[in-house]
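Participant: Would you mind keeping the following structure in view while I ask a few things?
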Amino acid sequence: MLRSVILAASRSPRVERLVAALPATRDLAHRFVAGVDADDALHAATDAIGGGRSVTLEHLGPATHTVEAATAIRDEYVELLTRLAAAGLTPAGDVTVRLSALGRRFDERFAYDNARAVCAAAAAAGTSVTLGMEDHTTTDPTLDVLLKLREEYPATGATLQAYLRRTESDCRDLAAAGSRVRLCRGGYREPESVAYRSARDIGKSYVRCAKVLLAGGGYPMFATADPRLIAIIEDRSRWFDRRPDQFEFQLRYGVRPSEQERLVTEGYTVRIQIPYGRNWYPHLMRRLAVRPAVLGRALLPAG
Ligand SMILES: Cc1cc2nc3c(=O)[nH]c(=O)nc-3n(C[C@H](O)[C@H](O)[C@H](O)COP(=O)(O)OP(=O)(O)OC[C@H]3O[C@@H](n4cnc5c(N)ncnc54)[C@H](O)[C@@H]3O)c2cc1C
C-alpha cells in the first residue's frame with residue numbers, strides 16, 4: 001500500500017515540489033543520488049573507487065523527444081567519459097546509457113549514432129558502455145543495437161531482465177566469450193504474457209539465467225541487492241570454477257553499504273551504479289518504494 005502511494009507520488013509534479021522543499025529530503029536524496037551534475041558524479045566515483053569498488057555512472061532523466069535534448073545527453077556522456085579518464089578513474093569507472101535518453105523514441109538511427117559516439121568516447125577513455133534495458137517492447141531493438149555496436153566496440157555491455165520469460169534464451173545467445181552481460185530483476189510494469197510476476201518465479205528465473213551466464217564464456221554482471229541471490233551466485237560461481245575476477249556484483253549507490261563492503265573484503269568485484277542529474281526525484285521515490293522504512297526514519301524528528 002505505502003509502496004504504491006510512493007510510486008504514485010513519484011509521478012506527481014505537485015508532490016515533487018512539496019517533497020523537494022522538505023529539509024529531510026536533501027539528506028535522503030544524497031543517500032541514493034550522487035548529486036545534480038558531473039562534478040557530483042565524479043566526486044562519488046572517486047570515493048567509491050578509493051574504497052575498492054568499481055562504478056557505473058548513469059545520468060538520470062526521462063526519454064528525450066527532440067534532437068537538441070538527445071544531443072545534450074550524448075554530449076553529457078562524452079564529457080563525463082573524458083573527465084573520468086582525466087581523473088584516472090578508468091577502467092574502474094564506466095557508464096550506463098539508455099537508448100530512450102539518446103533519442104530512440106523519435107529516431108532509432110539517430111539514437112544508434114549517439115550511442116556509437118558514447119562508445120567511441122568510452123573506448124578513448126579506456127572503458128566501456130553498458131546499455132540499460134527498458135520495457136519489453138524495446139528488448140529486440142536494444143539487442144539489435146547492441147550487436148551492431150559490438151562490431152566496433154566489443155566491450156559494450158547488455159542488460160537482461162530476469163522477469164522476462166525470454167531472458168534465459170537471451171542469456172544463452174549472449175553468453176559467448178568476452179560478452180559483458182548485466183543480469184537484473186527488471187524494473188518495469190510488464191504483462192503476465194511476457195513476464196513472471198511473483199517474486200518467487202522471478203527469483204527462480206534469475207538463478208536459471210545466472211547459471212547460463214556462469215557456464216558460458218562471457219563476463220556476467222549480477223545487478224541485485226537480494227542477499228539470497230547473492231549467496232546463490234557466490235555458491236554457483238564455485239560450481240563453474242569462476243574466479244572472483246571473472247564476474248562481478250553490481251549494487252545501487254547507497255543500497256546495502258555493509259554488504260558492498262563484505263563482498264569487496266571477500267575479493268569480489270563490486271560495481272556501484274551511481275545515478276546523478278537534475279531529474280533525481282523519480283529515482284529517489286522508486287528507491288523509497290523498495291524500502292519505505294527508510295522514508296519513515298528520515299522524516300521522524302531526531303532523538
Ligand atoms: C546496476 C543496476 C542496473 C540496473 N539496470 C536496470 C535496467 O537496465 N533495466 C531494468 O529494468 N532494471 C534495472 N535495474 C533495476 C533492477 O531491475 C531491480 O529493479 C532492482 O535492482 C531491484 O532488485 P534487487 O534484486 O536489487 O532487489 P530488491 O528487491 O531491491 O532488494 C533485495 C534486497 O535488498 C534489500 N534492500 C533493497 N534496498 C535496500 C536499501 N535501500 N537498504 C537496505 N537494504 C535494501 C531488500 O531488503 C531486499 O532484501 C538495475 C539495477 C542495478 C543495481
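Each chain in the C-alpha cells gets a letter, A, B, ..., in the order shown, and its residues are numbered from 1; ligands are numbered from 1 in order too.
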Give the residue list for ligand 1 at 7 Å, counting only C-alpha atoms and all ligand atoms, as a ChimeraX atom specification, sorted by chain and then by residue number.
Facilitator: /A:131-135,159,161,184-188,223-227,250-252,254-256,272-273,287,290-291
Participant: With C-alpha atoms kept, could you save the residues just selected as a PDB file, in the first residue's frame?
Facilitator:
ATOM      1  CA  LEU A 131      23.150  -0.348 -22.449  1.00  0.00           C
ATOM      2  CA  GLY A 132      20.285  -0.207 -19.956  1.00  0.00           C
ATOM      3  CA  MET A 133      17.192  -2.245 -20.831  1.00  0.00           C
ATOM      4  CA  GLU A 134      13.743  -0.671 -20.855  1.00  0.00           C
ATOM      5  CA  ASP A 135      10.242  -2.121 -21.248  1.00  0.00           C
ATOM      6  CA  THR A 159      21.383  -5.625 -19.645  1.00  0.00           C
ATOM      7  CA  GLN A 161      15.899  -8.662 -17.116  1.00  0.00           C
ATOM      8  CA  CYS A 184      18.935  -7.558 -13.255  1.00  0.00           C
ATOM      9  CA  ARG A 185      15.483  -8.400 -11.980  1.00  0.00           C
ATOM     10  CA  GLY A 186      13.703  -5.877 -14.224  1.00  0.00           C
ATOM     11  CA  GLY A 187      12.036  -2.672 -13.162  1.00  0.00           C
ATOM     12  CA  TYR A 188       9.029  -2.054 -15.461  1.00  0.00           C
ATOM     13  CA  ALA A 223      22.897  -6.480 -10.521  1.00  0.00           C
ATOM     14  CA  THR A 224      20.999  -7.327  -7.363  1.00  0.00           C
ATOM     15  CA  ALA A 225      20.865  -6.367  -3.697  1.00  0.00           C
ATOM     16  CA  ASP A 226      18.990  -9.525  -2.766  1.00  0.00           C
ATOM     17  CA  PRO A 227      21.033 -11.397  -0.118  1.00  0.00           C
ATOM     18  CA  GLN A 250      26.500  -4.580  -9.057  1.00  0.00           C
ATOM     19  CA  LEU A 251      24.548  -2.643  -6.432  1.00  0.00           C
ATOM     20  CA  ARG A 252      22.938   0.745  -6.486  1.00  0.00           C
ATOM     21  CA  GLY A 254      23.507   3.870  -1.133  1.00  0.00           C
ATOM     22  CA  VAL A 255      21.991   0.382  -1.101  1.00  0.00           C
ATOM     23  CA  ARG A 256      23.338  -2.115   1.450  1.00  0.00           C
ATOM     24  CA  ILE A 272      28.229   0.678  -7.769  1.00  0.00           C
ATOM     25  CA  GLN A 273      25.667   2.220 -10.074  1.00  0.00           C
ATOM     26  CA  ARG A 287      14.293   3.655  -4.169  1.00  0.00           C
ATOM     27  CA  VAL A 290      11.527  -0.562  -2.406  1.00  0.00           C
ATOM     28  CA  ARG A 291      12.352   0.349   1.203  1.00  0.00           C
TER      29      ARG A 291
END
Participant: Quick one: residues within 8 Å of segment 36-41 of chain A, only C-alpha atoms, excluding same-chain residues fewer than 5 positions away - as a list in words?
Facilitator: Leu57, Leu80, Ile274, Pro275, Tyr276, Gly277, Arg278, Asn279 and Trp280 of chain A
Participant: According to DSSP computed on the backbone, where in segment 32-89 of chain A is there alpha helix (DSSP H)? Give the residues as a PDB file with C-alpha atoms, in the first residue's frame.
Facilitator:
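Result file selection_2.pdb:
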ATOM      1  CA  PHE A  32      20.659   7.404  -3.166  1.00  0.00           C
ATOM      2  CA  ALA A  38      29.042  15.605 -13.423  1.00  0.00           C
ATOM      3  CA  ASP A  39      31.161  17.151 -10.637  1.00  0.00           C
ATOM      4  CA  ASP A  40      28.989  15.369  -8.059  1.00  0.00           C
ATOM      5  CA  ALA A  41      29.126  12.090 -10.009  1.00  0.00           C
ATOM      6  CA  LEU A  42      32.921  12.249 -10.307  1.00  0.00           C
ATOM      7  CA  HIS A  43      33.216  13.017  -6.612  1.00  0.00           C
ATOM      8  CA  ALA A  44      31.115   9.946  -5.715  1.00  0.00           C
ATOM      9  CA  ALA A  45      33.083   7.835  -8.207  1.00  0.00           C
ATOM     10  CA  THR A  46      36.399   8.926  -6.661  1.00  0.00           C
ATOM     11  CA  ASP A  47      35.153   7.928  -3.189  1.00  0.00           C
ATOM     12  CA  ALA A  48      33.775   4.568  -4.345  1.00  0.00           C
ATOM     13  CA  ILE A  49      36.883   3.642  -6.354  1.00  0.00           C
ATOM     14  CA  GLY A  50      39.068   4.760  -3.419  1.00  0.00           C
ATOM     15  CA  VAL A  67      17.239  16.335 -31.376  1.00  0.00           C
ATOM     16  CA  GLU A  68      18.505  19.065 -29.036  1.00  0.00           C
ATOM     17  CA  ALA A  69      17.646  17.133 -25.864  1.00  0.00           C
ATOM     18  CA  ALA A  70      19.139  13.834 -27.110  1.00  0.00           C
ATOM     19  CA  THR A  71      22.278  15.603 -28.342  1.00  0.00           C
ATOM     20  CA  ALA A  72      22.701  17.242 -24.932  1.00  0.00           C
ATOM     21  CA  ILE A  73      22.598  13.809 -23.232  1.00  0.00           C
ATOM     22  CA  ARG A  74      25.110  12.383 -25.704  1.00  0.00           C
ATOM     23  CA  ASP A  75      27.435  15.342 -25.060  1.00  0.00           C
ATOM     24  CA  GLU A  76      26.967  14.944 -21.304  1.00  0.00           C
ATOM     25  CA  TYR A  77      28.214  11.338 -21.522  1.00  0.00           C
ATOM     26  CA  VAL A  78      31.111  12.169 -23.855  1.00  0.00           C
ATOM     27  CA  GLU A  79      32.288  14.934 -21.492  1.00  0.00           C
ATOM     28  CA  LEU A  80      31.790  12.681 -18.458  1.00  0.00           C
ATOM     29  CA  LEU A  81      33.945   9.944 -20.011  1.00  0.00           C
ATOM     30  CA  THR A  82      36.695  12.428 -20.871  1.00  0.00           C
ATOM     31  CA  ARG A  83      36.687  13.674 -17.289  1.00  0.00           C
ATOM     32  CA  LEU A  84      36.614  10.125 -15.860  1.00  0.00           C
ATOM     33  CA  ALA A  85      39.774   9.288 -17.802  1.00  0.00           C
ATOM     34  CA  ALA A  86      41.464  12.611 -16.933  1.00  0.00           C
TER      35      ALA A  86
END
Participant: So, counting only C-alpha atoms, which residue among A:Ser205, A:Thr137, A:Thr156, A:Ser54 is closest to Ser169 of chain A?
Facilitator: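 When distances to Ser169 of chain A are compared using only C-alpha atoms, the smallest one comes from A:Ser205.
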Participant: Would you mind listing what lies within 7 Å of segment 106-120 of chain A as a list of chain:residue names, with only C-alpha atoms counted and same-chain residues fewer than 3 positions away left out?
Facilitator: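 Result of the neighbour search: A:His65, A:Arg74, A:Tyr77, A:Val78, A:Leu99, A:Leu102, A:Gly103, A:Ala123, A:Ala124, A:Ser128, A:Val129, A:Val145, A:Leu149, A:Tyr153.
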Participant: Can those selected residues be exported to a file as an mmCIF file, in the first residue's frame so that it contains C-alpha atoms?
Facilitator:
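Result file is out_12.cif:
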data_model
loop_
_atom_site.group_PDB
_atom_site.id
_atom_site.type_symbol
_atom_site.label_atom_id
_atom_site.label_comp_id
_atom_site.auth_asym_id
_atom_site.auth_seq_id
_atom_site.Cartn_x
_atom_site.Cartn_y
_atom_site.Cartn_z
ATOM 1 C CA HIS A 65 11.804 13.790 -27.696
ATOM 2 C CA ARG A 74 25.110 12.383 -25.704
ATOM 3 C CA TYR A 77 28.214 11.338 -21.522
ATOM 4 C CA VAL A 78 31.111 12.169 -23.855
ATOM 5 C CA LEU A 99 18.686 4.414 -25.717
ATOM 6 C CA LEU A 102 19.614 9.224 -26.723
ATOM 7 C CA GLY A 103 16.556 9.754 -28.923
ATOM 8 C CA ALA A 123 36.956 3.393 -25.851
ATOM 9 C CA ALA A 124 39.134 6.539 -25.997
ATOM 10 C CA SER A 128 33.122 0.757 -21.867
ATOM 11 C CA VAL A 129 29.390 1.380 -22.029
ATOM 12 C CA VAL A 145 21.725 -2.021 -31.460
ATOM 13 C CA LEU A 149 27.768 -1.553 -31.558
ATOM 14 C CA TYR A 153 33.144 -1.825 -29.634
#
Participant: With only C-alpha atoms as the atoms that count, which of A:Leu164, A:Tyr253, A:Ala155, A:Gln260 lies nearest to Leu284 of chain A?
Facilitator: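 Using only C-alpha atoms, the shortest distance to Leu284 of chain A belongs to A:Tyr253.
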Participant: Of the residues A:Ser100, A:Ser198, A:Ser12, A:Ser4, which is the one nearest to Thr66 of chain A, using only C-alpha atoms?
Facilitator: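 Of the candidates, the smallest distance to Thr66 of chain A is held by A:Ser100.
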Participant: Need the shell around Tyr163 of chain A: protein/DNA/RNA residues with any atom at most 12 Å away, counting only C-alpha atoms. Skip same-chain ones fewer than 5 positions apart. Format as a ChimeraX atom specification?
Facilitator: /A:135-136,168,183-209
Participant: Identify which of the residues A:Arg182, A:Arg236, A:Arg166, A:Arg262 lies closest to Gly218 of chain A, counting only C-alpha atoms when measuring atom-to-atom distances.
Facilitator: A:Arg182
Participant: When you look at Ala176 of chain A with a cut-off of 10 Å (counting only C-alpha atoms), what residues show up, excluding the ones that are within fewer than 3 positions of it in the same chain? I need them as an mmCIF file with N, CA, C and O atoms, in the first residue's frame.
Facilitator:
data_model
loop_
_atom_site.group_PDB
_atom_site.id
_atom_site.type_symbol
_atom_site.label_atom_id
_atom_site.label_comp_id
_atom_site.auth_asym_id
_atom_site.auth_seq_id
_atom_site.Cartn_x
_atom_site.Cartn_y
_atom_site.Cartn_z
ATOM 1 N N CYS A 171 20.068 -15.096 -22.561
ATOM 2 C CA CYS A 171 21.355 -15.339 -21.859
ATOM 3 C C CYS A 171 22.182 -16.344 -22.656
ATOM 4 O O CYS A 171 23.396 -16.167 -22.814
ATOM 5 N N ARG A 172 21.505 -17.402 -23.152
ATOM 6 C CA ARG A 172 22.235 -18.399 -23.957
ATOM 7 C C ARG A 172 22.863 -17.736 -25.175
ATOM 8 O O ARG A 172 24.019 -17.981 -25.510
ATOM 9 N N ASP A 173 22.088 -16.878 -25.836
ATOM 10 C CA ASP A 173 22.600 -16.224 -27.054
ATOM 11 C C ASP A 173 23.777 -15.298 -26.745
ATOM 12 O O ASP A 173 24.657 -15.115 -27.587
ATOM 13 N N SER A 179 31.667 -11.499 -23.823
ATOM 14 C CA SER A 179 30.406 -10.753 -23.805
ATOM 15 C C SER A 179 30.048 -10.307 -22.385
ATOM 16 O O SER A 179 29.874 -11.122 -21.483
ATOM 17 N N ARG A 180 29.933 -8.994 -22.215
ATOM 18 C CA ARG A 180 29.576 -8.449 -20.898
ATOM 19 C C ARG A 180 28.057 -8.374 -20.791
ATOM 20 O O ARG A 180 27.400 -7.703 -21.595
ATOM 21 N N VAL A 181 27.501 -9.106 -19.824
ATOM 22 C CA VAL A 181 26.040 -9.140 -19.679
ATOM 23 C C VAL A 181 25.654 -8.856 -18.238
ATOM 24 O O VAL A 181 26.039 -9.587 -17.314
ATOM 25 N N LEU A 213 24.750 -17.864 -17.580
ATOM 26 C CA LEU A 213 25.842 -16.895 -17.778
ATOM 27 C C LEU A 213 27.151 -17.396 -17.177
ATOM 28 O O LEU A 213 28.228 -17.236 -17.759
ATOM 29 N N ALA A 215 28.022 -20.480 -16.748
ATOM 30 C CA ALA A 215 28.504 -21.643 -17.509
ATOM 31 C C ALA A 215 29.110 -21.214 -18.839
ATOM 32 O O ALA A 215 29.913 -21.942 -19.430
ATOM 33 N N GLY A 216 28.725 -20.029 -19.346
ATOM 34 C CA GLY A 216 29.190 -19.578 -20.660
ATOM 35 C C GLY A 216 30.560 -18.927 -20.578
ATOM 36 O O GLY A 216 31.218 -18.937 -19.544
ATOM 37 N N GLY A 217 30.975 -18.315 -21.703
ATOM 38 C CA GLY A 217 32.330 -17.754 -21.766
ATOM 39 C C GLY A 217 32.381 -16.261 -21.541
ATOM 40 O O GLY A 217 33.447 -15.660 -21.648
ATOM 41 N N GLY A 218 31.262 -15.633 -21.264
ATOM 42 C CA GLY A 218 31.225 -14.173 -21.138
ATOM 43 C C GLY A 218 31.575 -13.686 -19.742
ATOM 44 O O GLY A 218 32.047 -14.450 -18.894
ATOM 45 N N TYR A 219 31.334 -12.392 -19.534
ATOM 46 C CA TYR A 219 31.617 -11.761 -18.240
ATOM 47 C C TYR A 219 30.285 -11.323 -17.640
ATOM 48 O O TYR A 219 29.724 -10.288 -18.021
#
Participant: Write out as a ChimeraX atom specification all residues of segment 3-175 of chain A that backbone DSSP assigns to strand (DSSP E or B).
Facilitator: /A:54-59,93-97,129-131,157-161,164
Participant: Those residues you just picked out, can you put them in a file as a CSV table (one decimal), in the first residue's frame with C-alpha atoms?
Facilitator:
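The resulting file, out.csv, is reproduced below:
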chain,number,residue,atom,x,y,z
A,54,SER,CA,34.2,-0.1,-9.5
A,55,VAL,CA,31.4,2.3,-10.6
A,56,THR,CA,29.0,2.7,-13.5
A,57,LEU,CA,27.7,6.3,-13.8
A,58,GLU,CA,24.2,6.9,-15.1
A,59,HIS,CA,22.7,10.3,-16.0
A,93,GLY,CA,34.6,3.7,-13.9
A,94,ASP,CA,32.3,3.1,-16.9
A,95,VAL,CA,28.9,4.4,-17.9
A,96,THR,CA,25.3,3.1,-18.3
A,97,VAL,CA,23.2,4.6,-21.1
A,129,VAL,CA,29.4,1.4,-22.0
A,130,THR,CA,26.5,-0.8,-20.8
A,131,LEU,CA,23.2,-0.3,-22.4
A,157,GLY,CA,27.6,-4.5,-22.3
A,158,ALA,CA,24.0,-5.7,-22.4
A,159,THR,CA,21.4,-5.6,-19.6
A,160,LEU,CA,18.9,-8.5,-19.4
A,161,GLN,CA,15.9,-8.7,-17.1
A,164,LEU,CA,11.1,-11.6,-18.8
